[in-house]
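Dumped final-v7.cif below, it's mmCIF, C-alpha atoms and all ligand atoms:
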data_my_file
#
loop_
_atom_site.label_atom_id
_atom_site.label_comp_id
_atom_site.auth_asym_id
_atom_site.auth_seq_id
_atom_site.Cartn_x
_atom_site.Cartn_y
_atom_site.Cartn_z
CA MET N 694 28.26 -0.99 170.88
CA SER N 695 27.52 -1.42 167.22
CA PHE N 696 29.38 -4.34 165.70
CA ASP N 697 27.40 -5.25 162.60
CA VAL N 698 28.88 -8.42 161.12
CA ALA N 699 26.50 -8.40 158.11
CA GLN N 700 27.65 -4.91 157.24
CA ILE N 701 31.29 -5.88 157.77
CA ARG N 702 30.95 -8.90 155.47
CA ASN N 703 29.84 -6.64 152.62
CA ASP N 704 33.24 -4.98 152.72
CA PHE N 705 35.18 -8.19 151.89
CA PRO N 706 35.15 -9.11 148.17
CA SER N 707 36.51 -12.62 148.86
CA LEU N 708 33.44 -13.54 150.92
CA ALA N 709 31.41 -13.58 147.69
CA SER N 710 33.07 -16.94 147.00
CA GLY N 711 30.81 -18.55 149.59
CA ILE N 712 33.81 -19.98 151.44
CA ALA N 713 33.59 -20.18 155.23
CA TYR N 714 37.01 -19.01 156.37
CA PHE N 715 38.36 -20.53 159.58
CA ASP N 716 41.94 -19.99 158.41
CA GLY N 717 42.24 -16.44 159.77
CA PRO N 718 45.10 -17.44 162.10
CA GLY N 719 47.06 -18.25 158.94
CA GLY N 720 46.01 -15.07 157.17
CA SER N 721 42.83 -13.05 157.16
CA GLN N 722 40.64 -11.91 154.28
CA VAL N 723 41.06 -8.28 153.28
CA PRO N 724 38.45 -5.52 152.93
CA LYS N 725 38.09 -3.82 149.57
CA VAL N 726 39.40 -0.48 150.88
CA VAL N 727 42.81 -2.04 151.53
CA GLY N 728 43.21 -3.19 147.94
CA GLU N 729 42.03 0.21 146.74
CA ALA N 730 44.57 2.00 148.94
CA ILE N 731 47.37 -0.16 147.54
CA SER N 732 46.20 0.47 144.00
CA THR N 733 45.97 4.23 144.56
CA ALA N 734 49.42 4.44 146.15
CA ILE N 735 51.09 2.47 143.37
CA SER N 736 49.30 4.39 140.61
CA GLN N 737 49.88 7.93 141.84
CA PRO N 738 53.07 9.89 141.10
CA SER N 739 55.67 8.08 143.19
CA SER N 740 59.42 7.86 143.49
CA ASN N 741 61.92 7.51 146.32
CA ARG N 742 61.05 9.38 149.49
CA GLY N 743 61.99 13.00 149.59
CA THR N 744 60.76 16.52 150.24
CA VAL N 745 61.00 18.20 146.83
CA THR N 746 58.85 16.63 144.09
CA LEU N 747 55.22 15.61 144.31
CA SER N 748 56.18 11.97 143.75
CA GLU N 749 58.74 12.11 146.58
CA LEU N 750 56.20 13.68 148.88
CA ASN N 751 53.64 10.98 148.05
CA ALA N 752 56.11 8.25 149.00
CA GLU N 753 57.06 10.13 152.17
CA ARG N 754 53.37 10.46 153.08
CA CYS N 755 52.88 6.66 152.74
CA VAL N 756 55.69 6.05 155.25
CA ILE N 757 54.56 8.69 157.74
CA ASP N 758 50.94 7.53 157.55
CA TYR N 759 52.00 3.90 158.06
CA ARG N 760 54.03 4.67 161.19
CA ASN N 761 51.24 6.82 162.64
CA ALA N 762 48.63 4.14 161.94
CA VAL N 763 50.68 1.38 163.62
CA ALA N 764 51.35 3.74 166.54
CA ASP N 765 47.58 4.16 166.93
CA LEU N 766 46.90 0.44 166.63
CA LEU N 767 49.38 -0.47 169.36
CA ASN N 768 49.60 2.79 171.32
CA CYS N 769 53.32 3.14 170.75
CA ASP N 770 55.68 5.88 169.56
CA SER N 771 55.59 6.22 165.76
CA SER N 772 59.39 6.59 165.72
CA GLY N 773 59.62 3.12 167.21
CA VAL N 774 57.77 1.38 164.35
CA ILE N 775 60.01 -0.74 162.12
CA TYR N 776 58.62 -2.09 158.86
CA GLY N 777 59.43 -5.68 157.89
CA ARG N 778 58.57 -8.12 155.15
CA SER N 779 57.43 -10.65 157.76
CA TRP N 780 57.69 -11.22 161.51
CA THR N 781 60.18 -14.00 160.82
CA GLN N 782 62.43 -11.57 158.96
CA LEU N 783 62.15 -9.06 161.81
CA THR N 784 63.01 -11.57 164.56
CA TYR N 785 65.97 -12.87 162.56
CA ASP N 786 67.29 -9.33 162.02
CA LEU N 787 66.76 -8.34 165.65
CA SER N 788 68.30 -11.55 166.97
CA ARG N 789 71.56 -10.87 165.14
CA ASN N 790 71.62 -7.30 166.39
CA LEU N 791 70.86 -8.11 170.03
CA ALA N 792 73.26 -11.03 170.03
CA LYS N 793 76.14 -8.66 169.29
CA SER N 794 76.20 -8.05 173.05
CA TRP N 795 75.68 -11.70 174.12
CA GLY N 796 78.49 -14.03 175.08
CA ALA N 797 79.40 -17.20 176.96
CA GLY N 798 77.71 -17.26 180.36
CA ASP N 799 74.76 -15.14 179.21
CA GLU N 800 71.32 -16.70 179.15
CA ILE N 801 68.18 -16.23 177.08
CA ILE N 802 64.70 -17.68 177.61
CA VAL N 803 62.31 -18.93 174.92
CA SER N 804 58.96 -20.66 175.32
CA ARG N 805 57.89 -23.99 173.85
CA LEU N 806 54.43 -22.53 173.24
CA ASP N 807 55.73 -20.20 170.53
CA HIS N 808 55.69 -20.14 166.75
CA ASP N 809 59.14 -21.18 165.56
CA SER N 810 59.86 -17.66 164.34
CA ASN N 811 60.01 -16.59 167.98
CA ILE N 812 62.22 -19.52 168.99
CA ARG N 813 64.74 -20.52 166.33
CA PRO N 814 66.21 -17.09 165.52
CA TRP N 815 66.97 -16.55 169.22
CA ILE N 816 68.43 -20.04 169.67
CA GLN N 817 70.63 -19.74 166.60
CA ALA N 818 71.85 -16.29 167.64
CA ALA N 819 72.57 -17.54 171.18
CA GLU N 820 74.43 -20.59 169.88
CA ALA N 821 76.56 -18.43 167.59
CA LYS N 822 77.66 -16.44 170.66
CA GLY N 823 77.98 -19.33 173.12
CA ALA N 824 75.04 -18.09 175.24
CA THR N 825 72.78 -20.57 177.03
CA VAL N 826 69.13 -21.14 176.04
CA LYS N 827 66.52 -21.96 178.68
CA TRP N 828 63.07 -23.30 177.78
CA ALA N 829 59.82 -22.24 179.45
CA GLU N 830 57.46 -25.22 179.26
CA PHE N 831 53.70 -25.09 178.75
CA ASP N 832 51.30 -27.43 180.52
CA ARG N 833 50.56 -30.26 178.07
CA ASN N 834 47.03 -30.79 179.44
CA THR N 835 45.77 -27.25 179.73
CA GLY N 836 47.97 -25.46 177.21
CA GLU N 837 48.74 -22.82 179.86
CA LEU N 838 52.14 -21.14 180.04
CA PRO N 839 52.24 -20.33 183.78
CA VAL N 840 54.00 -17.10 184.74
CA ALA N 841 56.41 -19.10 186.91
CA SER N 842 57.39 -21.32 183.97
CA VAL N 843 59.18 -18.25 182.64
CA THR N 844 60.04 -16.27 185.76
CA ASP N 845 61.58 -19.27 187.59
CA LEU N 846 64.20 -19.34 184.83
CA LEU N 847 65.29 -15.72 185.34
CA SER N 848 68.74 -15.13 186.76
CA SER N 849 71.33 -12.39 186.93
CA LYS N 850 72.67 -13.77 183.64
CA THR N 851 69.38 -13.47 181.70
CA LYS N 852 69.85 -11.05 178.81
CA PHE N 853 66.65 -11.62 176.87
CA VAL N 854 63.22 -13.29 177.10
CA ALA N 855 60.89 -14.02 174.15
CA VAL N 856 57.29 -15.11 174.76
CA THR N 857 54.21 -15.17 172.59
CA GLY N 858 51.26 -12.88 173.32
CA ALA N 859 49.01 -15.70 172.14
CA ALA N 860 49.77 -19.18 170.82
CA ASN N 861 48.81 -19.57 167.16
CA SER N 862 48.00 -23.26 167.71
CA LEU N 863 46.33 -23.56 171.13
CA GLY N 864 45.15 -19.96 171.42
CA THR N 865 46.67 -19.63 174.91
CA ARG N 866 47.17 -16.04 176.04
CA PRO N 867 49.96 -16.11 178.63
CA ASP N 868 49.95 -13.39 181.27
CA ILE N 869 52.48 -11.25 179.41
CA GLN N 870 51.95 -8.29 181.76
CA ALA N 871 53.05 -10.33 184.79
CA ILE N 872 55.84 -12.09 182.93
CA GLY N 873 57.06 -8.79 181.48
CA SER N 874 57.06 -7.04 184.86
CA ALA N 875 59.24 -9.77 186.32
CA VAL N 876 61.55 -9.73 183.31
CA LYS N 877 61.94 -5.94 183.54
CA SER N 878 62.58 -6.08 187.31
CA ASN N 879 65.31 -8.56 186.52
CA GLY N 880 66.91 -6.05 184.14
CA SER N 881 66.44 -8.24 181.05
CA LEU N 882 64.94 -7.39 177.66
CA PHE N 883 61.42 -8.66 176.95
CA LEU N 884 59.98 -9.35 173.50
CA VAL N 885 56.38 -10.34 172.80
CA ASP N 886 55.30 -11.99 169.56
CA GLY N 887 51.93 -10.34 169.02
CA VAL N 888 51.20 -11.89 165.63
CA HIS N 889 48.35 -14.05 166.87
CA LEU N 890 47.25 -11.71 169.67
CA THR N 891 46.90 -8.42 167.78
CA PRO N 892 43.98 -9.56 165.58
CA HIS N 893 41.96 -10.41 168.69
CA ALA N 894 42.85 -7.98 171.47
CA LEU N 895 43.53 -4.33 172.15
CA ILE N 896 47.26 -3.72 172.58
CA ASP N 897 48.62 -0.93 174.77
CA PHE N 898 52.38 -0.98 174.23
CA LYS N 899 53.11 2.23 176.17
CA ASN N 900 51.49 0.83 179.30
CA SER N 901 53.00 -2.64 179.04
CA PRO N 902 56.36 -3.97 180.22
CA PHE N 903 57.45 -4.81 176.69
CA ASP N 904 60.72 -3.80 175.04
CA PHE N 905 59.67 -5.21 171.69
CA PHE N 906 56.32 -6.20 170.23
CA GLY N 907 55.28 -7.17 166.74
CA PHE N 908 52.46 -8.21 164.49
CA SER N 909 51.90 -9.28 160.90
CA SER N 910 49.41 -7.17 158.96
CA TYR N 911 48.22 -10.08 156.83
CA LYS N 912 46.68 -11.66 159.94
CA ILE N 913 44.73 -8.50 160.69
CA LEU N 914 42.93 -7.50 157.50
CA GLY N 915 45.99 -6.04 155.81
CA PRO N 916 48.67 -6.86 153.24
CA HIS N 917 51.58 -9.28 153.59
CA CYS N 918 54.10 -7.56 155.82
CA ALA N 919 54.91 -7.12 159.52
CA SER N 920 55.95 -4.48 162.01
CA LEU N 921 58.26 -4.55 165.01
CA VAL N 922 57.76 -1.82 167.57
CA SER N 923 60.03 -0.68 170.36
CA HIS N 924 61.02 2.40 172.34
CA PRO N 925 63.03 4.83 170.17
CA ALA N 926 65.58 5.34 172.98
CA LEU N 927 66.20 1.59 173.14
CA LEU N 928 66.50 1.35 169.35
CA GLU N 929 69.14 4.12 169.45
CA GLU N 930 71.29 1.84 171.64
CA ILE N 931 71.12 -1.19 169.35
CA LYS N 932 73.96 -1.56 166.88
CA ASN N 933 73.18 -2.92 163.43
CA ASP N 934 74.98 -3.32 160.14
CA LYS N 935 73.98 -0.76 157.55
CA LEU N 936 75.07 0.77 154.27
CA ARG N 937 77.47 3.70 154.60
CA PRO N 938 75.29 6.38 152.99
CA SER N 939 72.04 5.21 154.62
CA THR N 940 70.68 7.11 157.59
CA MET N 941 71.69 6.57 161.23
CA LYS N 942 68.19 7.62 162.32
CA VAL N 943 65.79 5.18 163.94
CA PRO N 944 63.61 3.45 162.91
CA GLU N 945 64.94 3.84 159.33
CA ARG N 946 68.34 2.42 160.33
CA PHE N 947 66.67 -0.99 160.74
CA GLU N 948 64.79 -0.92 157.43
CA PHE N 949 67.04 -1.92 154.58
CA GLY N 950 66.69 -0.47 151.10
CA THR N 951 63.68 1.19 149.53
CA LEU N 952 60.42 0.70 151.38
CA PRO N 953 57.26 -0.69 149.69
CA TYR N 954 55.17 2.49 149.89
CA GLU N 955 52.05 0.89 148.39
CA ILE N 956 52.09 -1.95 150.95
CA MET N 957 52.48 0.60 153.72
CA ALA N 958 49.43 2.43 152.35
CA GLY N 959 47.58 -0.89 152.57
CA VAL N 960 48.54 -1.27 156.24
CA THR N 961 47.29 2.23 156.97
CA ALA N 962 43.97 1.45 155.24
CA SER N 963 43.59 -1.79 157.20
CA ILE N 964 44.13 0.03 160.50
CA ASP N 965 41.67 2.75 159.47
CA TYR N 966 39.22 -0.03 158.68
CA ILE N 967 39.77 -1.67 162.08
CA SER N 968 39.07 1.68 163.74
CA GLN N 969 35.60 1.58 162.15
CA LEU N 970 34.66 -2.03 162.97
CA ASP N 971 32.39 -0.63 165.64
CA GLU N 972 30.46 2.14 163.97
CA SER N 973 29.47 3.77 167.24
CA GLY N 974 33.07 4.85 167.92
CA SER N 975 34.11 8.49 167.82
CA GLY N 976 37.12 10.62 168.73
CA THR N 977 40.69 10.03 167.65
CA ARG N 978 41.65 6.98 165.60
CA ARG N 979 43.21 5.43 168.71
CA GLN N 980 39.98 5.95 170.65
CA ARG N 981 37.97 4.37 167.84
CA ILE N 982 40.42 1.44 167.73
CA GLU N 983 39.93 0.94 171.47
CA ILE N 984 36.16 0.75 171.03
CA SER N 985 36.34 -1.42 167.91
CA MET N 986 38.78 -3.94 169.36
CA LYS N 987 36.77 -4.29 172.55
CA SER N 988 33.59 -4.87 170.53
CA LEU N 989 35.39 -7.34 168.29
CA GLU N 990 36.74 -9.25 171.28
CA LYS N 991 33.26 -9.50 172.75
CA TYR N 992 31.78 -10.65 169.43
CA GLU N 993 34.52 -13.23 168.86
CA ASP N 994 34.38 -14.53 172.45
CA GLU N 995 30.64 -15.18 172.21
CA LEU N 996 30.92 -16.89 168.84
CA PHE N 997 33.89 -18.88 170.11
CA GLU N 998 31.88 -20.17 173.05
CA TYR N 999 29.32 -21.46 170.56
CA LEU N 1000 32.00 -22.96 168.30
CA GLU N 1001 33.70 -24.73 171.19
CA SER N 1002 30.50 -26.12 172.68
CA GLU N 1003 29.29 -27.39 169.28
CA LEU N 1004 32.62 -29.00 168.40
CA SER N 1005 33.00 -30.55 171.87
CA ALA N 1006 29.77 -32.45 171.26
CA LEU N 1007 31.17 -34.27 168.21
CA PRO N 1008 31.94 -37.94 168.96
CA GLY N 1009 35.65 -38.75 169.38
CA ILE N 1010 36.91 -35.19 169.04
CA LYS N 1011 40.09 -34.29 170.87
CA LEU N 1012 40.43 -30.58 171.56
CA TYR N 1013 43.89 -29.33 172.47
CA GLY N 1014 44.32 -26.18 174.50
CA HIS N 1015 42.09 -25.38 177.43
CA ALA N 1016 43.78 -22.28 178.80
CA GLN N 1017 41.56 -19.92 180.72
CA ASN N 1018 42.45 -16.92 178.61
CA ARG N 1019 42.43 -17.77 174.90
CA THR N 1020 42.00 -16.30 171.45
CA PRO N 1021 39.05 -17.71 169.45
CA THR N 1022 41.17 -20.52 168.02
CA LEU N 1023 40.64 -24.28 168.29
CA TYR N 1024 43.18 -26.99 167.58
CA PHE N 1025 41.63 -30.45 167.29
CA ASN N 1026 41.57 -33.87 165.69
CA PHE N 1027 39.77 -37.20 165.87
CA SER N 1028 41.50 -40.38 166.98
CA ASN N 1029 42.97 -42.41 164.11
CA ILE N 1030 41.89 -39.90 161.45
CA SER N 1031 44.50 -37.84 159.66
CA GLY N 1032 43.94 -34.12 160.06
CA LYS N 1033 44.82 -33.69 156.40
CA LYS N 1034 41.85 -35.88 155.41
CA ILE N 1035 39.50 -33.68 157.44
CA TYR N 1036 41.04 -30.54 155.97
CA GLU N 1037 40.61 -31.88 152.43
CA PHE N 1038 37.03 -32.99 153.07
CA LEU N 1039 36.11 -29.59 154.51
CA ALA N 1040 37.63 -27.89 151.46
CA THR N 1041 35.17 -29.79 149.23
CA LYS N 1042 32.41 -28.11 151.24
CA LYS N 1043 33.98 -24.68 150.78
CA ILE N 1044 35.17 -24.59 154.36
CA ASN N 1045 38.74 -23.50 155.01
CA ALA N 1046 40.13 -25.12 158.16
CA PRO N 1047 43.61 -26.41 157.37
CA ALA N 1048 45.56 -29.03 159.31
CA GLY N 1049 49.22 -28.72 160.19
CA ASN N 1050 51.69 -27.72 162.83
CA PHE N 1051 51.47 -24.11 161.64
CA TYR N 1052 55.13 -23.69 162.61
CA ALA N 1053 54.13 -24.04 166.26
CA TYR N 1054 56.49 -26.93 165.77
CA GLU N 1055 57.52 -27.41 169.39
CA VAL N 1056 53.85 -27.47 170.45
CA SER N 1057 53.03 -30.11 167.87
CA LEU N 1058 55.96 -32.28 168.96
CA ALA N 1059 55.23 -31.79 172.67
CA LEU N 1060 51.61 -32.88 172.17
CA GLY N 1061 52.70 -36.02 170.32
CA LEU N 1062 51.31 -34.73 167.02
CA GLY N 1063 54.65 -34.90 165.21
CA ASP N 1064 55.04 -32.93 162.02
CA GLU N 1065 51.45 -33.42 161.01
CA GLY N 1066 49.82 -31.42 163.80
CA ALA N 1067 46.04 -31.12 163.91
CA VAL N 1068 43.16 -29.15 162.40
CA ARG N 1069 42.88 -25.47 163.30
CA ALA N 1070 39.70 -23.40 163.24
CA GLY N 1071 39.98 -19.74 164.11
CA LEU N 1072 37.53 -16.86 164.05
CA ALA N 1073 37.90 -13.47 162.40
CA PRO N 1074 35.77 -10.29 162.34
CA TYR N 1075 33.76 -11.65 159.38
CA SER N 1076 33.01 -15.07 160.98
CA THR N 1077 29.38 -15.89 161.68
CA LYS N 1078 27.22 -18.42 163.47
CA ASP N 1079 26.27 -19.73 160.04
CA ASP N 1080 29.95 -20.44 159.30
CA VAL N 1081 30.18 -22.35 162.58
CA ASN N 1082 27.04 -24.36 161.79
CA ARG N 1083 28.46 -25.27 158.38
CA LEU N 1084 31.73 -26.44 159.97
CA VAL N 1085 29.98 -28.53 162.61
CA SER N 1086 27.57 -30.09 160.13
CA ALA N 1087 30.41 -30.90 157.66
CA LEU N 1088 32.44 -32.54 160.43
CA GLY N 1089 29.33 -34.53 161.38
CA ASP N 1090 29.01 -35.69 157.74
CA PHE N 1091 32.68 -36.62 157.65
CA LEU N 1092 32.33 -38.78 160.74
CA LYS N 1093 29.30 -40.72 159.39
C1 LIG E 1101 52.13 -16.39 166.49
C2 LIG E 1101 52.85 -16.25 165.18
N1 LIG E 1101 54.09 -15.75 165.19
C3 LIG E 1101 54.77 -15.59 164.05
C4 LIG E 1101 54.25 -15.94 162.83
C5 LIG E 1101 55.07 -15.74 161.59
O1 LIG E 1101 54.68 -14.57 160.97
P1 LIG E 1101 55.30 -14.14 159.55
O2 LIG E 1101 54.64 -15.01 158.53
O3 LIG E 1101 54.96 -12.70 159.42
O4 LIG E 1101 56.76 -14.39 159.61
C6 LIG E 1101 52.97 -16.47 162.78
C7 LIG E 1101 52.40 -16.90 161.49
O5 LIG E 1101 51.64 -17.84 161.41
C8 LIG E 1101 52.24 -16.62 163.98
O6 LIG E 1101 51.00 -17.10 163.98
#

Let me see the file written as C-alpha cells.
Ligand SMILES: Cc1ncc(COP(=O)(O)O)c(C=O)c1O
Amino acid sequence: MSFDVAQIRNDFPSLASGIAYFDGPGGSQVPKVVGEAISTAISQPSSNRGTVTLSELNAERCVIDYRNAVADLLNCDSSGVIYGRSWTQLTYDLSRNLAKSWGAGDEIIVSRLDHDSNIRPWIQAAEAKGATVKWAEFDRNTGELPVASVTDLLSSKTKFVAVTGAANSLGTRPDIQAIGSAVKSNGSLFLVDGVHLTPHALIDFKNSPFDFFGFSSYKILGPHCASLVSHPALLEEIKNDKLRPSTMKVPERFEFGTLPYEIMAGVTASIDYISQLDESGSGTRRQRIEISMKSLEKYEDELFEYLESELSALPGIKLYGHAQNRTPTLYFNFSNISGKKIYEFLATKKINAPAGNFYAYEVSLALGLGDEGAVRAGLAPYSTKDDVNRLVSALGDFLK
C-alpha cells in the first residue's frame, strides 16, 4: 500500500489557503487535474454530440468517457449510468417515473436516517398516487439502522424501498447488502443513496442487491453533478416523459436536453484521480480503484479513530452516532452552546466544520436538535493528523 497524503495534498490548489477542511461531507476539495480537464473540454472544438465533425466527436467522447469512468468507479454497466445535475434532481425524476405504476394499496419504505432527498421525493410521489409510506426507524442512542427495522416492514404490497448507504449526519453505514437481499427476495425495488458512502468505500454495484444507486461527484473530488446507476434492462422497462424527437435509448432517455460535456470530463478526471490515490496500484482502472479505495478507507479509519478519541476527551461534548460501521464523520455539540457559534469560531481559525441539519432533517428532529442540528466534522483523502490537532485545540480554546 502506498497512500501518501503529503503527495496527495500537493494536488489540491485550495489547500494552499491553509484551511483545515472538515466539510468534505458537504462537498470535497478538488484536485487541479479536474479543473484542467474541465477547462480543456470547454476550450476544445465542441458542439452537440455527433459522429461527423471533430467538435461533435469531442462532445461524444466526453459522454462515453464519463459513463465508462462511473462504470469503473461503481462496477456497473456503462449503459446504466444516468447523468444528473444533483442527486436530489435524480431522485425527484425517478420518483415520478416509478410512481407511474404505484396506486392505492401499494406501499413504499423510507428510512428516517436518510438525507431528505432520499425521503421527500418518494413520499410526495406516493402521496400523489395514494400509496402508503412506511418509516424505518433508526436507534436514537446508537444511530444504527437495524436490518429488521426495514425488513419487518416488507409485505406483498411493498413496491419500493429507499435506504441510505451511509448517513451524512451520523455516519452510520446500514447493512445494505442484507437489507437489499431481503427486499429483492420480496420482489420489491431497492434504491441506495450512495452520496455519503461512495467517497469512503469501494462500491460493487454488479455484486450487490441494488436496483438503483447514486452518488454526487462534488462529494468525491469532482465537479457539481450526480449520477444514478441502474441495470439497463430495468431502465428499459421504466416509462418516462420525453420530447418527441429525443432518443428512446437508455440511459439517454432519462437525461433531458444537451449534456454538460465539460462537467462530464471533470467527473472522468476525478475518477482517474481516485484510481491513483494509491500509487502502488496497477492493472485496469477498476483494479486501481479497488486498491485506492481500500487504502483510502484504511487511512481514513485510522485517522477517524484518532479524531474520535481526541474529541471524546473534550469536556461536555455530546457525540451523536455510535454505529459499529461508520464513515469517518462525527456529529457533535456541547450542552447549552449553539453549534453555529462553534462553527463561526472555528472559521476564524481557518477550520471548516459547519453546523446544521445538513438536510438529514428527520435525524435532526428525531435527536431533539430541531432545525439547528449540530456540528459536523468529516474526513477526506487530504485530511491529516495536523488538521485534527488544530480542530481539537481550537475547540479547547473555545471552551475556555
Ligand atoms: C447522503 C446524501 N444524500 C443526498 C445528498 C444530496 O445530494 P445533491 O446535493 O447532489 O442533491 C447529500 C448532500 O449532502 C447527502 O449527503

Hey, could you make a per-residue contact list for chain N against ligand LIG 1101 (chain E) with 7 Å as the cut-off, showing the nearest pair of atoms and its distance in Å to one decimal, counting only C-alpha atoms and all ligand atoms, sorted by chain and number, as a Markdown table?
| residue | atom | partner | partner_atom | distance |
| --- | --- | --- | --- | --- |
| N:Pro718 | CA | E:LIG1101 | O6 | 6.2 |
| N:Gly719 | CA | E:LIG1101 | O5 | 5.2 |
| N:Ser779 | CA | E:LIG1101 | O3 | 3.6 |
| N:Trp780 | CA | E:LIG1101 | O3 | 3.7 |
| N:Thr781 | CA | E:LIG1101 | O4 | 3.6 |
| N:Gln782 | CA | E:LIG1101 | O4 | 6.4 |
| N:Asp807 | CA | E:LIG1101 | C1 | 6.6 |
| N:His808 | CA | E:LIG1101 | N1 | 4.9 |
| N:Ser810 | CA | E:LIG1101 | C3 | 5.5 |
| N:Asn811 | CA | E:LIG1101 | N1 | 6.6 |
| N:Thr857 | CA | E:LIG1101 | C1 | 6.6 |
| N:Ala859 | CA | E:LIG1101 | C1 | 6.5 |
| N:Ala860 | CA | E:LIG1101 | C1 | 5.7 |
| N:Asn861 | CA | E:LIG1101 | O6 | 4.6 |
| N:Asp886 | CA | E:LIG1101 | N1 | 5.9 |
| N:Gly887 | CA | E:LIG1101 | C1 | 6.6 |
| N:Val888 | CA | E:LIG1101 | C1 | 4.7 |
| N:His889 | CA | E:LIG1101 | C1 | 4.5 |
| N:Ser909 | CA | E:LIG1101 | O3 | 4.8 |
| N:Cys918 | CA | E:LIG1101 | O3 | 6.3 |
| N:Ala919 | CA | E:LIG1101 | O3 | 5.6 |
| N:Phe1051 | CA | E:LIG1101 | O5 | 6.3 |
| N:Tyr1052 | CA | E:LIG1101 | O5 | 6.9 |

Hey, what's within 12 Å of segment 737-743 of chain N if we count all atoms listed in the file and toss same-chain stuff fewer than 2 positions away? As a VMD selection string, please?
chain N and resid 730 to 735 745 to 757 945 950 to 955 958

What is the distance, in Å and to one decimal place, between atom CA of Glu830 of chain N and atom CA of Arg805 of chain N?
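So the two atoms, atom CA of Glu830 of chain N and atom CA of Arg805 of chain N, lie 5.6 Å apart.
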
Can you list, as an MDAnalysis selection string, every protein, DNA or RNA residue that comes within 10 Å of Ala1070 of chain N when you count all atoms listed in the file, leaving out same-chain residues fewer than 5 positions away?
chainID N and resid 714:719 862 1000 1021:1025 1045:1048 1081 1084

Export of the given selection (C-alpha atoms) as an mmCIF file, keeping the file's coordinate frame:
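Dumped everything to out29.cif:
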data_model
loop_
_atom_site.group_PDB
_atom_site.id
_atom_site.type_symbol
_atom_site.label_atom_id
_atom_site.label_comp_id
_atom_site.auth_asym_id
_atom_site.auth_seq_id
_atom_site.Cartn_x
_atom_site.Cartn_y
_atom_site.Cartn_z
ATOM 1 C CA TYR N 714 37.010 -19.010 156.370
ATOM 2 C CA PHE N 715 38.360 -20.530 159.580
ATOM 3 C CA ASP N 716 41.940 -19.990 158.410
ATOM 4 C CA GLY N 717 42.240 -16.440 159.770
ATOM 5 C CA PRO N 718 45.100 -17.440 162.100
ATOM 6 C CA GLY N 719 47.060 -18.250 158.940
ATOM 7 C CA SER N 862 48.000 -23.260 167.710
ATOM 8 C CA LEU N 1000 32.000 -22.960 168.300
ATOM 9 C CA PRO N 1021 39.050 -17.710 169.450
ATOM 10 C CA THR N 1022 41.170 -20.520 168.020
ATOM 11 C CA LEU N 1023 40.640 -24.280 168.290
ATOM 12 C CA TYR N 1024 43.180 -26.990 167.580
ATOM 13 C CA PHE N 1025 41.630 -30.450 167.290
ATOM 14 C CA ASN N 1045 38.740 -23.500 155.010
ATOM 15 C CA ALA N 1046 40.130 -25.120 158.160
ATOM 16 C CA PRO N 1047 43.610 -26.410 157.370
ATOM 17 C CA ALA N 1048 45.560 -29.030 159.310
ATOM 18 C CA VAL N 1081 30.180 -22.350 162.580
ATOM 19 C CA LEU N 1084 31.730 -26.440 159.970
#

Neighbouring residues of Thr1041 of chain N were defined as those with any atom within 12 Å, considering all atoms listed in the file; residues of the same chain fewer than 3 positions away were excluded. Please report them as a PDB file with C-alpha atoms, keeping the file's coordinate frame.
ATOM      1  CA  ILE N 712      33.810 -19.980 151.440  1.00  0.00           C
ATOM      2  CA  ALA N 713      33.590 -20.180 155.230  1.00  0.00           C
ATOM      3  CA  LYS N1034      41.850 -35.880 155.410  1.00  0.00           C
ATOM      4  CA  ILE N1035      39.500 -33.680 157.440  1.00  0.00           C
ATOM      5  CA  TYR N1036      41.040 -30.540 155.970  1.00  0.00           C
ATOM      6  CA  GLU N1037      40.610 -31.880 152.430  1.00  0.00           C
ATOM      7  CA  PHE N1038      37.030 -32.990 153.070  1.00  0.00           C
ATOM      8  CA  ILE N1044      35.170 -24.590 154.360  1.00  0.00           C
ATOM      9  CA  ASN N1045      38.740 -23.500 155.010  1.00  0.00           C
ATOM     10  CA  ALA N1046      40.130 -25.120 158.160  1.00  0.00           C
ATOM     11  CA  LEU N1084      31.730 -26.440 159.970  1.00  0.00           C
ATOM     12  CA  ALA N1087      30.410 -30.900 157.660  1.00  0.00           C
ATOM     13  CA  LEU N1088      32.440 -32.540 160.430  1.00  0.00           C
ATOM     14  CA  PHE N1091      32.680 -36.620 157.650  1.00  0.00           C
TER      15      PHE N1091
END

Using all atoms listed in the file, can you list as a PyMOL selection string the residues within 10 Å of (50.3, -1.9, 179.5)?
chain N and resi 768+869-870+873+896-903

I'd like the neighbourhood of Ile1010 of chain N as number ranges by chain, where a residue qualifies if any of its atoms comes within 10 Å (using all atoms listed in the file), though same-chain residues fewer than 4 positions away should be ignored.
N: 1004-1006, 1025-1028

Which residue gives the smallest distance to Tyr785 of chain N among N:Leu890, N:Gly915, N:Leu921, N:Asp845, with only C-alpha atoms counted?
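So, comparing all the options, the nearest one is N:Leu921.
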
So which residues touch Val922 of chain N within 10 Å, counting all atoms listed in the file, skipping near sequence neighbours fewer than 6 positions away, as a list of chain:residue names?
N:Arg760, N:Val763, N:Ala764, N:Leu767, N:Cys769, N:Asp770, N:Ser771, N:Ser772, N:Gly773, N:Val774, N:Ile775, N:Tyr776, N:Leu884, N:Phe898, N:Phe903, N:Asp904, N:Phe905, N:Phe906, N:Gly907, N:Phe908, N:Leu928, N:Pro944

Quote the spacing between atom CA of Ser804 of chain N and atom CA of Lys1033 of chain N in Å to one decimal place.
27.0 Å

Å distance separating atom CA of Leu806 of chain N from atom CA of Glu820 of chain N, one decimal place
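If I compute the distance from atom CA of Leu806 of chain N to atom CA of Glu820 of chain N, I get 20.4 Å.
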
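In terms of minimum interatomic distance to Asn790 of chain N, N:Arg946 ranks closest within N:Lys1011, N:Arg946, N:Lys725, N:Arg1083, counting all atoms listed in the file.
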
Which of these residues is nearest to Leu996 of chain N, using all atoms listed in the file: N:Pro916, N:Pro724, N:Pro839, N:Gly1071?
N:Gly1071

Which is closest to Phe696 of chain N among N:Arg1069, N:Lys991, N:Lys912, N:Lys1042, if we use all atoms listed in the file?
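With all atoms listed in the file as the atom set, the closest residue is N:Lys991.
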
Best match for closeness to Leu1062 of chain N among N:Gly823, N:Arg833, N:Ser848, N:Met957, counting only C-alpha atoms:
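So, comparing all the options, the nearest one is N:Arg833.
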